[in-house]
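Heads up, protein04.pdb below (PDB, C-alpha atoms and all ligand atoms):
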ATOM      1  CA  MET A   1     155.825  77.069 131.254
ATOM      2  CA  ILE A   2     157.554  78.965 134.019
ATOM      3  CA  LEU A   3     158.737  82.563 134.213
ATOM      4  CA  THR A   4     160.985  82.795 137.231
ATOM      5  CA  CYS A   5     163.995  84.574 138.722
ATOM      6  CA  ALA A   6     167.579  83.948 137.602
ATOM      7  CA  ASP A   7     168.524  83.251 141.247
ATOM      8  CA  SER A   8     170.716  80.116 141.506
ATOM      9  CA  ARG A   9     168.622  78.819 144.417
ATOM     10  CA  LEU A  10     165.666  78.225 142.103
ATOM     11  CA  SER A  11     165.521  75.311 139.712
ATOM     12  CA  PRO A  12     161.992  74.924 138.340
ATOM     13  CA  GLU A  13     162.592  71.308 137.251
ATOM     14  CA  ILE A  14     163.579  70.331 140.797
ATOM     15  CA  ILE A  15     160.927  72.479 142.493
ATOM     16  CA  PHE A  16     158.131  70.924 140.415
ATOM     17  CA  ASP A  17     159.714  67.450 140.138
ATOM     18  CA  GLN A  18     159.982  67.596 136.357
ATOM     19  CA  GLY A  19     162.520  66.182 133.940
ATOM     20  CA  ILE A  20     164.316  67.272 130.788
ATOM     21  CA  GLY A  21     161.773  68.169 128.126
ATOM     22  CA  ASP A  22     158.945  68.852 130.576
ATOM     23  CA  LEU A  23     159.129  72.589 131.253
ATOM     24  CA  PHE A  24     159.639  75.641 129.059
ATOM     25  CA  VAL A  25     161.466  78.072 131.346
ATOM     26  CA  VAL A  26     162.212  81.775 130.949
ATOM     27  CA  ARG A  27     164.323  83.422 133.636
ATOM     28  CA  ASN A  28     165.558  86.877 134.514
ATOM     29  CA  ALA A  29     166.304  88.704 137.749
ATOM     30  CA  GLY A  30     162.953  89.566 139.307
ATOM     31  CA  ASN A  31     160.851  87.421 136.902
ATOM     32  CA  LEU A  32     159.980  90.496 134.874
ATOM     33  CA  VAL A  33     158.073  90.801 131.607
ATOM     34  CA  ASP A  34     159.551  92.612 128.626
ATOM     35  CA  ASP A  35     159.213  92.181 124.858
ATOM     36  CA  LEU A  36     161.784  89.381 124.655
ATOM     37  CA  VAL A  37     160.111  87.492 127.503
ATOM     38  CA  LEU A  38     156.743  87.980 125.808
ATOM     39  CA  GLY A  39     158.131  86.584 122.567
ATOM     40  CA  SER A  40     159.469  83.490 124.312
ATOM     41  CA  ILE A  41     156.212  82.906 126.152
ATOM     42  CA  GLU A  42     154.104  83.442 123.041
ATOM     43  CA  TYR A  43     156.297  80.859 121.316
ATOM     44  CA  ALA A  44     155.752  78.382 124.158
ATOM     45  CA  VAL A  45     151.997  78.877 123.996
ATOM     46  CA  GLU A  46     151.536  79.073 120.220
ATOM     47  CA  HIS A  47     154.003  76.441 119.036
ATOM     48  CA  LEU A  48     154.456  74.149 122.041
ATOM     49  CA  HIS A  49     150.860  74.492 123.263
ATOM     50  CA  ALA A  50     151.804  75.161 126.872
ATOM     51  CA  PRO A  51     148.436  75.473 128.679
ATOM     52  CA  LEU A  52     149.722  77.009 131.899
ATOM     53  CA  ILE A  53     152.055  79.914 132.613
ATOM     54  CA  VAL A  54     153.353  80.196 136.165
ATOM     55  CA  VAL A  55     155.191  83.336 137.249
ATOM     56  CA  LEU A  56     157.306  82.160 140.162
ATOM     57  CA  GLY A  57     158.755  84.769 142.496
ATOM     58  CA  HIS A  58     160.695  83.757 145.568
ATOM     59  CA  THR A  59     161.580  84.727 149.114
ATOM     60  CA  LYS A  60     164.778  86.702 149.699
ATOM     61  CA  CYS A  61     164.921  87.815 146.066
ATOM     62  CA  GLY A  62     168.037  89.936 145.561
ATOM     63  CA  ALA A  63     166.515  91.953 142.737
ATOM     64  CA  VAL A  64     163.433  92.793 144.781
ATOM     65  CA  SER A  65     165.545  93.507 147.866
ATOM     66  CA  ALA A  66     167.683  95.950 145.863
ATOM     67  CA  ALA A  67     164.556  97.656 144.520
ATOM     68  CA  VAL A  68     163.093  97.951 148.034
ATOM     69  CA  ALA A  69     166.398  99.300 149.407
ATOM     70  CA  GLY A  70     166.361 102.017 146.739
ATOM     71  CA  GLY A  71     169.347 104.087 145.723
ATOM     72  CA  GLU A  72     171.170 104.184 142.418
ATOM     73  CA  ALA A  73     171.806 100.824 140.786
ATOM     74  CA  PRO A  74     174.762 100.666 138.361
ATOM     75  CA  GLY A  75     174.639  99.918 134.649
ATOM     76  CA  HIS A  76     171.704  97.963 133.327
ATOM     77  CA  ILE A  77     170.770  96.762 136.815
ATOM     78  CA  LYS A  78     168.889 100.048 137.108
ATOM     79  CA  ASN A  79     166.482  98.778 134.431
ATOM     80  CA  ILE A  80     165.559  95.848 136.676
ATOM     81  CA  VAL A  81     165.110  98.098 139.699
ATOM     82  CA  ALA A  82     162.976 100.510 137.663
ATOM     83  CA  SER A  83     160.799  97.667 136.374
ATOM     84  CA  LEU A  84     160.240  96.480 139.946
ATOM     85  CA  SER A  85     159.360  99.953 141.243
ATOM     86  CA  PRO A  86     155.564  99.611 140.783
ATOM     87  CA  ALA A  87     155.608  96.480 142.960
ATOM     88  CA  VAL A  88     157.837  98.203 145.517
ATOM     89  CA  ASP A  89     155.566 101.259 145.659
ATOM     90  CA  MET A  90     152.503  99.064 146.205
ATOM     91  CA  ALA A  91     154.326  96.965 148.832
ATOM     92  CA  LYS A  92     155.184 100.064 150.876
ATOM     93  CA  LYS A  93     151.469 100.739 151.390
ATOM     94  CA  LYS A  94     150.932  97.325 152.988
ATOM     95  CA  PRO A  95     151.769  96.122 156.498
ATOM     96  CA  GLY A  96     154.394  93.422 156.997
ATOM     97  CA  ASP A  97     157.717  92.687 155.358
ATOM     98  CA  GLN A  98     158.250  94.997 152.388
ATOM     99  CA  VAL A  99     160.512  92.622 150.473
ATOM    100  CA  ASP A 100     158.088  89.710 150.823
ATOM    101  CA  ASN A 101     155.153  91.968 149.937
ATOM    102  CA  ALA A 102     157.031  93.211 146.882
ATOM    103  CA  VAL A 103     157.945  89.637 145.844
ATOM    104  CA  ARG A 104     154.276  88.685 145.911
ATOM    105  CA  ILE A 105     153.118  91.833 144.136
ATOM    106  CA  ALA A 106     155.853  91.622 141.475
ATOM    107  CA  ALA A 107     154.852  88.053 140.600
ATOM    108  CA  LYS A 108     151.210  89.089 140.398
ATOM    109  CA  LEU A 109     152.007  92.144 138.253
ATOM    110  CA  SER A 110     154.042  90.011 135.839
ATOM    111  CA  ALA A 111     151.226  87.448 135.693
ATOM    112  CA  ALA A 112     148.682  90.209 135.016
ATOM    113  CA  ALA A 113     150.919  91.738 132.347
ATOM    114  CA  LEU A 114     151.061  88.369 130.593
ATOM    115  CA  ALA A 115     147.366  87.582 130.974
ATOM    116  CA  GLN A 116     146.326  90.956 129.541
ATOM    117  CA  ASN A 117     148.900  91.165 126.769
ATOM    118  CA  GLU A 118     147.497  91.399 123.261
ATOM    119  CA  PRO A 119     147.215  89.907 120.794
ATOM    120  CA  ILE A 120     148.200  86.340 121.662
ATOM    121  CA  LEU A 121     148.184  85.715 125.406
ATOM    122  CA  GLY A 122     145.235  87.903 126.346
ATOM    123  CA  GLU A 123     142.990  86.322 123.723
ATOM    124  CA  LEU A 124     143.915  82.791 124.794
ATOM    125  CA  VAL A 125     143.220  83.655 128.443
ATOM    126  CA  LYS A 126     139.824  85.140 127.528
ATOM    127  CA  ALA A 127     139.017  82.034 125.486
ATOM    128  CA  GLY A 128     139.898  79.835 128.463
ATOM    129  CA  LYS A 129     142.654  78.070 126.523
ATOM    130  CA  ILE A 130     145.520  79.034 128.830
ATOM    131  CA  LYS A 131     145.862  80.065 132.457
ATOM    132  CA  VAL A 132     148.357  82.438 134.040
ATOM    133  CA  LEU A 133     149.117  82.039 137.739
ATOM    134  CA  ALA A 134     151.421  83.849 140.139
ATOM    135  CA  ALA A 135     153.283  81.900 142.803
ATOM    136  CA  ARG A 136     155.936  82.387 145.468
ATOM    137  CA  TYR A 137     158.686  79.863 146.184
ATOM    138  CA  ASP A 138     160.048  79.783 149.723
ATOM    139  CA  ILE A 139     163.757  79.035 149.455
ATOM    140  CA  ALA A 140     163.879  78.032 153.144
ATOM    141  CA  THR A 141     161.084  75.439 153.049
ATOM    142  CA  GLY A 142     160.913  74.494 149.351
ATOM    143  CA  GLN A 143     157.181  75.207 149.321
ATOM    144  CA  VAL A 144     155.365  76.883 146.451
ATOM    145  CA  GLU A 145     152.400  79.065 147.368
ATOM    146  CA  PHE A 146     150.008  79.986 144.589
ATOM    147  CA  LEU A 147     148.947  83.601 145.034
ATOM    148  CA  PRO A 148     145.303  84.706 144.882
TER
HETATM  149 ZN    ZN A 201     165.228  86.630 142.688
END

Could I get this structure in the form of structure tokens?
Amino acid sequence: MILTCADSRLSPEIIFDQGIGDLFVVRNAGNLVDDLVLGSIEYAVEHLHAPLIVVLGHTKCGAVSAAVAGGEAPGHIKNIVASLSPAVDMAKKKPGDQVDNAVRIAAKLSAAALAQNEPILGELVKAGKIKVLAARYDIATGQVEFLP
């Protein structure tokens, strides 16, 4: 199953060369984890027996760019920016492009949040029954890089 961004430039089925019925996909701006996302992913793992969860961030992510730019976001967009702020804060301490750093960190934080979440996902990870990976899709090249 894939947790990825709502960005129209990403289509997990095309990126991973999969057809209808192959992937369980959850999307939101910034590929963030909240209770509704957790419920969907737990369903995919418990009932559909998905063995692999990939959190797929991407280059030039608008949500991450807005969070890096800072300032006041209107309406509920501010919830997305706030949820990305830990990744943005960590990215600012690293050299290089802050948006790309934050994209990578945000995907890894979401993957860690899933892998450690109790009771369902964390226990399955510890038992070696599922894996959670973070990855970054490059919208310019079409390449997926799995993040260490
Ligand atoms: Zn995005």

Contacts of range 86-117 of chain A with range 5-24 of chain A up to 12 Å, shortest pair per row, only C-alpha atoms, as a tab-separated table:
residue	atom	partner	partner_atom	distance
A:Val103	CA	A:Cys5	CA	10.6
A:Ala106	CA	A:Cys5	CA	11.1
A:Ala107	CA	A:Cys5	CA	10.0
A:Ser110	CA	A:Cys5	CA	11.7

- [ ] Check the smallest atom-to-atom distance from each of A:Cys61, A:Ile2, A:Ile77, A:Leu114 to Asn101 in chain A using only C-alpha atoms, then report the winner.
- [x]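 Answer, going by the shortest atom-to-atom distance: A:Cys61.
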
Open item on the list: Set the distance at 8 Å and use all atoms listed in the file: which residues neighbour Glu42 in chain A once local chain neighbours fewer than 3 positions away are removed? I'd like the list as a list in words.
Closed with: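 Counting all atoms listed in the file, the residues come to Leu38, Gly39, Val45, Glu46, Ile120 and Leu121 of chain A.
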
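Residues near the point (165.4, 92.9, 139.1), at a distance of 10 Å or less over all atoms listed in the file, make up A:Cys5, A:Ala6, A:Asn28, A:Ala29, A:Gly30, A:Asn31, A:Leu32, A:Cys61, A:Gly62, A:Ala63, A:Val64, A:Ser65, A:Ala66, A:Ala67, A:His76, A:Ile77, A:Lys78, A:Asn79, A:Ile80, A:Val81, A:Ala82, A:Ser83, A:Leu84, A:Ser85, A:Ala106.
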
Task: Minimum-distance residue to ligand ZN 201 (chain A), chosen among A:Asp35, A:Glu145, A:Asp100, A:Glu118 (using only C-alpha atoms and all ligand atoms) - done: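 Checking each of A:Asp35, A:Glu145, A:Asp100, A:Glu118 against ligand ZN 201 (chain A), counting only C-alpha atoms and all ligand atoms, the winner is A:Asp100.
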
Task: Distance of CA of Tyr137 in chain A from CA of Leu36 in chain A, expressed in Å to one decimal place - done: 23.7 Å

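Taking CA of Lys94 in chain A and CA of Val144 in chain A as the two end points, the separation is 21.9 Å.
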
Open item on the list: Restricting the calculation to all atoms listed in the file: of A:Ala50, A:Arg104, A:Thr141, A:Val33, which residue gets closest to Met90 in chain A?
Closed with: A:Arg104

Task: Picked residues, the PyMOL selection byres (((chain A and resi 58) around 7) and not hetatm), as a ChimeraX atom specification - done: /A:56-57,59-61,103,136-139

TODO: Using CA of Val37 in chain A and CA of Lys131 in chain A as the two end points, give the distance in Å to one decimal.
DONE: 16.8 Å

Please put the answer as JSON: centre and edge lengths, in Å with one decimal, of a box along x, y and z that encloses all listed atoms of range 28-42 of chain A plus 6 Å on each side.
{"center_x": 160.2, "center_y": 87.8, "center_z": 130.9, "size_x": 24.2, "size_y": 21.7, "size_z": 28.7}

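Candidate residues A:Leu48, A:Val99, A:Val54, A:Ala69 were compared for distance to ligand ZN 201 (chain A), and the nearest is A:Val99, using only C-alpha atoms and all ligand atoms.
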
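With all atoms listed in the file as the atoms that count, the minimum distance from ligand ZN 201 (chain A) to the choices A:Leu147, A:Leu124, A:Ile130, A:Val55 is reached by A:Val55.
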